[in-house]
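Source file: input.txt (compact mmCIF, N, CA and C atoms)
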# COMPACT_ATOMS: atom_id res chain seq x y z
N MET R 26 109.33 89.21 90.90
CA MET R 26 108.35 90.00 90.20
C MET R 26 107.02 89.88 90.94
N THR R 27 106.30 90.99 90.98
CA THR R 27 105.00 90.96 91.66
C THR R 27 103.90 90.64 90.66
N LEU R 28 102.79 90.22 91.17
CA LEU R 28 101.65 89.86 90.33
C LEU R 28 101.19 91.05 89.50
N ASP R 29 101.33 92.26 90.03
CA ASP R 29 100.93 93.45 89.30
C ASP R 29 101.71 93.61 87.99
N GLY R 30 102.97 93.23 87.98
CA GLY R 30 103.81 93.39 86.80
C GLY R 30 103.83 92.19 85.88
N PHE R 31 103.08 91.15 86.23
CA PHE R 31 103.12 89.92 85.44
C PHE R 31 102.27 90.08 84.18
N GLU R 32 102.70 89.44 83.11
CA GLU R 32 102.05 89.53 81.81
C GLU R 32 100.67 88.87 81.81
N ASN R 33 99.72 89.52 81.16
CA ASN R 33 98.36 88.96 81.04
C ASN R 33 98.39 87.62 80.32
N GLY R 34 97.57 86.68 80.80
CA GLY R 34 97.38 85.40 80.12
C GLY R 34 98.39 84.33 80.45
N ARG R 35 99.52 84.67 81.03
CA ARG R 35 100.52 83.66 81.39
C ARG R 35 100.27 83.17 82.81
N THR R 36 100.64 81.92 83.06
CA THR R 36 100.44 81.32 84.38
C THR R 36 101.67 81.56 85.24
N ALA R 37 101.43 81.84 86.50
CA ALA R 37 102.51 82.08 87.46
C ALA R 37 102.23 81.30 88.73
N ARG R 38 103.27 81.05 89.49
CA ARG R 38 103.14 80.43 90.81
C ARG R 38 103.49 81.48 91.85
N ILE R 39 102.66 81.55 92.89
CA ILE R 39 102.93 82.49 93.98
C ILE R 39 104.08 81.93 94.81
N VAL R 40 105.15 82.72 94.95
CA VAL R 40 106.29 82.28 95.74
C VAL R 40 106.31 82.93 97.13
N ALA R 41 105.68 84.09 97.26
CA ALA R 41 105.62 84.75 98.56
C ALA R 41 104.51 85.79 98.57
N VAL R 42 103.95 86.00 99.73
CA VAL R 42 102.96 87.05 99.93
C VAL R 42 103.43 87.88 101.12
N ASP R 43 103.51 89.19 100.94
CA ASP R 43 103.91 90.09 102.02
C ASP R 43 102.68 90.40 102.87
N TRP R 44 102.35 89.46 103.74
CA TRP R 44 101.14 89.61 104.57
C TRP R 44 101.20 90.84 105.45
N SER R 45 102.41 91.26 105.85
CA SER R 45 102.53 92.41 106.74
C SER R 45 102.11 93.72 106.05
N SER R 46 102.14 93.77 104.72
CA SER R 46 101.74 94.99 104.02
C SER R 46 100.22 95.07 103.82
N LEU R 47 99.51 94.01 104.18
CA LEU R 47 98.07 93.96 104.03
C LEU R 47 97.38 94.08 105.38
N ASP R 48 96.21 94.68 105.38
CA ASP R 48 95.38 94.70 106.57
C ASP R 48 95.00 93.26 106.93
N GLU R 49 94.84 92.98 108.20
CA GLU R 49 94.53 91.61 108.63
C GLU R 49 93.28 91.05 107.95
N SER R 50 92.24 91.86 107.85
CA SER R 50 91.01 91.38 107.22
C SER R 50 91.22 91.13 105.72
N GLU R 51 92.04 91.96 105.07
CA GLU R 51 92.34 91.75 103.66
C GLU R 51 93.10 90.45 103.46
N GLY R 52 94.06 90.18 104.34
CA GLY R 52 94.84 88.95 104.28
C GLY R 52 93.95 87.72 104.44
N LYS R 53 93.03 87.79 105.38
CA LYS R 53 92.10 86.67 105.59
C LYS R 53 91.24 86.44 104.35
N ARG R 54 90.77 87.53 103.74
CA ARG R 54 89.95 87.42 102.54
C ARG R 54 90.74 86.78 101.40
N LEU R 55 91.97 87.21 101.20
CA LEU R 55 92.80 86.65 100.12
C LEU R 55 93.07 85.17 100.35
N LYS R 56 93.35 84.80 101.58
CA LYS R 56 93.57 83.37 101.87
C LYS R 56 92.30 82.57 101.63
N ALA R 57 91.16 83.12 102.00
CA ALA R 57 89.89 82.42 101.78
C ALA R 57 89.61 82.24 100.29
N LEU R 58 90.13 83.16 99.47
CA LEU R 58 89.94 83.06 98.02
C LEU R 58 91.00 82.18 97.36
N GLY R 59 91.93 81.65 98.15
CA GLY R 59 92.91 80.73 97.60
C GLY R 59 94.26 81.34 97.30
N ILE R 60 94.48 82.60 97.66
CA ILE R 60 95.77 83.25 97.43
C ILE R 60 96.72 82.84 98.55
N ASP R 61 97.76 82.09 98.20
CA ASP R 61 98.76 81.65 99.16
C ASP R 61 99.97 81.12 98.41
N GLU R 62 101.07 80.93 99.11
CA GLU R 62 102.28 80.43 98.49
C GLU R 62 102.04 79.07 97.81
N GLY R 63 102.61 78.90 96.61
CA GLY R 63 102.51 77.64 95.89
C GLY R 63 101.33 77.53 94.94
N VAL R 64 100.39 78.46 95.01
CA VAL R 64 99.19 78.42 94.17
C VAL R 64 99.51 78.99 92.79
N GLU R 65 98.95 78.38 91.74
CA GLU R 65 99.11 78.90 90.39
C GLU R 65 97.98 79.87 90.07
N VAL R 66 98.35 81.01 89.49
CA VAL R 66 97.40 82.07 89.16
C VAL R 66 97.72 82.62 87.77
N ALA R 67 96.79 83.36 87.20
CA ALA R 67 97.02 84.05 85.94
C ALA R 67 96.22 85.34 85.93
N VAL R 68 96.85 86.44 85.52
CA VAL R 68 96.15 87.70 85.35
C VAL R 68 95.43 87.63 84.01
N THR R 69 94.11 87.79 84.03
CA THR R 69 93.35 87.68 82.79
C THR R 69 92.97 89.04 82.21
N ARG R 70 92.77 90.03 83.06
CA ARG R 70 92.40 91.37 82.61
C ARG R 70 92.87 92.40 83.62
N ARG R 71 92.99 93.64 83.13
CA ARG R 71 93.35 94.77 83.99
C ARG R 71 92.40 95.92 83.71
N GLY R 72 92.22 96.76 84.71
CA GLY R 72 91.45 97.98 84.49
C GLY R 72 92.13 98.84 83.44
N VAL R 73 91.37 99.68 82.77
CA VAL R 73 91.92 100.43 81.64
C VAL R 73 92.33 101.85 81.99
N PHE R 74 91.93 102.36 83.09
CA PHE R 74 92.25 103.74 83.42
C PHE R 74 93.63 103.84 84.04
N GLY R 75 94.06 105.03 84.41
CA GLY R 75 95.40 105.32 84.87
C GLY R 75 96.01 104.35 85.87
N THR R 76 95.22 103.86 86.80
CA THR R 76 95.78 102.99 87.83
C THR R 76 95.83 101.52 87.42
N ARG R 77 95.13 101.17 86.32
CA ARG R 77 95.02 99.77 85.87
C ARG R 77 94.46 98.89 86.97
N ASP R 78 93.56 99.45 87.73
CA ASP R 78 92.95 98.79 88.88
C ASP R 78 91.50 98.50 88.56
N PRO R 79 90.93 97.40 88.87
CA PRO R 79 91.48 96.20 89.51
C PRO R 79 92.04 95.22 88.46
N LEU R 80 92.61 94.13 88.97
CA LEU R 80 93.09 93.05 88.12
C LEU R 80 92.14 91.87 88.26
N ALA R 81 91.82 91.23 87.16
CA ALA R 81 91.06 89.98 87.20
C ALA R 81 92.08 88.85 87.21
N VAL R 82 92.03 88.01 88.23
CA VAL R 82 93.03 86.95 88.41
C VAL R 82 92.32 85.60 88.49
N ARG R 83 92.80 84.66 87.69
CA ARG R 83 92.25 83.30 87.73
C ARG R 83 93.01 82.51 88.78
N VAL R 84 92.26 81.93 89.71
CA VAL R 84 92.81 81.06 90.75
C VAL R 84 92.03 79.75 90.64
N GLY R 85 92.67 78.71 90.11
CA GLY R 85 91.95 77.48 89.84
C GLY R 85 90.91 77.73 88.77
N ARG R 86 89.65 77.37 89.05
CA ARG R 86 88.55 77.60 88.10
C ARG R 86 87.79 78.88 88.38
N MET R 87 88.25 79.65 89.34
CA MET R 87 87.56 80.86 89.77
C MET R 87 88.33 82.10 89.31
N THR R 88 87.62 83.15 88.97
CA THR R 88 88.24 84.43 88.65
C THR R 88 87.83 85.43 89.72
N ILE R 89 88.85 86.11 90.29
CA ILE R 89 88.59 87.08 91.34
C ILE R 89 89.16 88.44 90.93
N ALA R 90 88.64 89.49 91.52
CA ALA R 90 89.15 90.84 91.28
C ALA R 90 90.06 91.21 92.44
N LEU R 91 91.26 91.68 92.11
CA LEU R 91 92.22 92.11 93.12
C LEU R 91 92.56 93.57 92.93
N ARG R 92 92.70 94.28 94.01
CA ARG R 92 93.22 95.64 93.93
C ARG R 92 94.69 95.58 93.55
N ARG R 93 95.14 96.60 92.88
CA ARG R 93 96.55 96.66 92.49
C ARG R 93 97.45 96.63 93.73
N SER R 94 97.03 97.27 94.81
CA SER R 94 97.84 97.28 96.04
C SER R 94 98.01 95.87 96.60
N HIS R 95 97.01 95.01 96.42
CA HIS R 95 97.13 93.62 96.86
C HIS R 95 98.07 92.86 95.93
N ALA R 96 97.94 93.10 94.62
CA ALA R 96 98.80 92.42 93.65
C ALA R 96 100.27 92.78 93.86
N LEU R 97 100.54 93.98 94.33
CA LEU R 97 101.91 94.39 94.62
C LEU R 97 102.52 93.63 95.78
N ALA R 98 101.70 93.06 96.64
CA ALA R 98 102.18 92.30 97.80
C ALA R 98 102.41 90.82 97.47
N ILE R 99 102.08 90.40 96.24
CA ILE R 99 102.17 89.00 95.86
C ILE R 99 103.32 88.80 94.89
N GLU R 100 104.32 88.07 95.31
CA GLU R 100 105.48 87.79 94.46
C GLU R 100 105.24 86.48 93.71
N VAL R 101 105.50 86.49 92.40
CA VAL R 101 105.23 85.33 91.56
C VAL R 101 106.45 84.98 90.71
N GLU R 102 106.43 83.75 90.17
CA GLU R 102 107.43 83.31 89.20
C GLU R 102 106.69 82.63 88.06
N PRO R 103 107.20 82.74 86.83
CA PRO R 103 106.53 82.08 85.70
C PRO R 103 106.53 80.56 85.88
N VAL R 104 105.50 79.92 85.35
CA VAL R 104 105.42 78.45 85.40
C VAL R 104 105.81 77.91 84.05
Please rewrite the model in this file as structure tokens.
Amino acid sequence: MTLDGFENGRTARIVAVDWSSLDESEGKRLKALGIDEGVEVAVTRRGVFGTRDPLAVRVGRMTIALRRSHALAIEVEPV
């Protein structure tokens, strides 16, 4: 399951990131924000319009905004 399809408020562990589907600079930014295999995350909010973009994602004590296209590249499992 990808992060985009994960239920709001539940914690997940990142099991894989499809780095090849992301631009190199986007991948570097996500890694700098703590997005990587083994990290626990939670979707806290989603945009309300048709695309449901962006997603607010908690990584540790920080909340970041992710584009839906980035969330689709992140595979997660429930914790």
Between atom C of Arg71 in chain R and CA of Ala98 in chain R - distance in Å to one decimal: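 That distance, rounded to one decimal, is 17.5 Å.
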Contacts of Thr36 in chain R within 7 Å, all atoms listed in the file, excl. fewer than 3 positions in-chain, as number ranges by chain: R: 33, 65-68, 102-104
For the selection just defined, write its residues with N, CA and C atoms to a file, as an mmCIF file, keeping the file's coordinate frame.
data_model
loop_
_atom_site.group_PDB
_atom_site.id
_atom_site.type_symbol
_atom_site.label_atom_id
_atom_site.label_comp_id
_atom_site.auth_asym_id
_atom_site.auth_seq_id
_atom_site.Cartn_x
_atom_site.Cartn_y
_atom_site.Cartn_z
ATOM 1 N N ASN R 33 99.720 89.520 81.160
ATOM 2 C CA ASN R 33 98.360 88.960 81.040
ATOM 3 C C ASN R 33 98.390 87.620 80.320
ATOM 4 N N GLU R 65 98.950 78.380 91.740
ATOM 5 C CA GLU R 65 99.110 78.900 90.390
ATOM 6 C C GLU R 65 97.980 79.870 90.070
ATOM 7 N N VAL R 66 98.350 81.010 89.490
ATOM 8 C CA VAL R 66 97.400 82.070 89.160
ATOM 9 C C VAL R 66 97.720 82.620 87.770
ATOM 10 N N ALA R 67 96.790 83.360 87.200
ATOM 11 C CA ALA R 67 97.020 84.050 85.940
ATOM 12 C C ALA R 67 96.220 85.340 85.930
ATOM 13 N N VAL R 68 96.850 86.440 85.520
ATOM 14 C CA VAL R 68 96.150 87.700 85.350
ATOM 15 C C VAL R 68 95.430 87.630 84.010
ATOM 16 N N GLU R 102 106.430 83.750 90.170
ATOM 17 C CA GLU R 102 107.430 83.310 89.200
ATOM 18 C C GLU R 102 106.690 82.630 88.060
ATOM 19 N N PRO R 103 107.200 82.740 86.830
ATOM 20 C CA PRO R 103 106.530 82.080 85.700
ATOM 21 C C PRO R 103 106.530 80.560 85.880
ATOM 22 N N VAL R 104 105.500 79.920 85.350
ATOM 23 C CA VAL R 104 105.420 78.450 85.400
ATOM 24 C C VAL R 104 105.810 77.910 84.050
#
Distance criterion (all atoms listed in the file): nearest to Glu62 in chain R out of R:Phe74, R:Val84, R:Asp48, R:Ile39: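 Smallest separation from Glu62 in chain R among the options: R:Ile39.
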For Val40 in chain R: contacts at 5 Å, only N, CA and C atoms, fewer than 6 positions along chain excluded, given as an NGL selection string: :R and (62-63 or 100-101)
Save the residues we just selected, N, CA and C atoms, as a CSV table (one decimal), in the coordinates of the input?
chain,number,residue,atom,x,y,z
R,62,GLU,N,101.1,80.9,99.1
R,62,GLU,CA,102.3,80.4,98.5
R,62,GLU,C,102.0,79.1,97.8
R,63,GLY,N,102.6,78.9,96.6
R,63,GLY,CA,102.5,77.6,95.9
R,63,GLY,C,101.3,77.5,94.9
R,100,GLU,N,104.3,88.1,95.3
R,100,GLU,CA,105.5,87.8,94.5
R,100,GLU,C,105.2,86.5,93.7
R,101,VAL,N,105.5,86.5,92.4
R,101,VAL,CA,105.2,85.3,91.6
R,101,VAL,C,106.4,85.0,90.7
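One finds CA of Leu47 in chain R at 20.6 Å from CA of Thr88 in chain R.
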Option closest in space to Val82 in chain R, from R:Thr69, R:Thr27, R:Ser45, R:Ser94 [counting all atoms listed in the file]: R:Thr69
Draw an axis-aligned box over all listed atoms of range 44-57 of chain R, pad each side with 6 Å, and write its centre and edge lengths in Å, one decimal, as lines of an AutoDock Vina configuration file.
center_x = 96.1
center_y = 88.7
center_z = 104.4
size_x = 24.9
size_y = 24.8
size_z = 20.5
Nearest to Arg35 in chain R by atom-to-atom distance, counting only C-alpha atoms, from R:Pro79, R:Arg86, R:Arg70, R:Arg92: R:Arg70
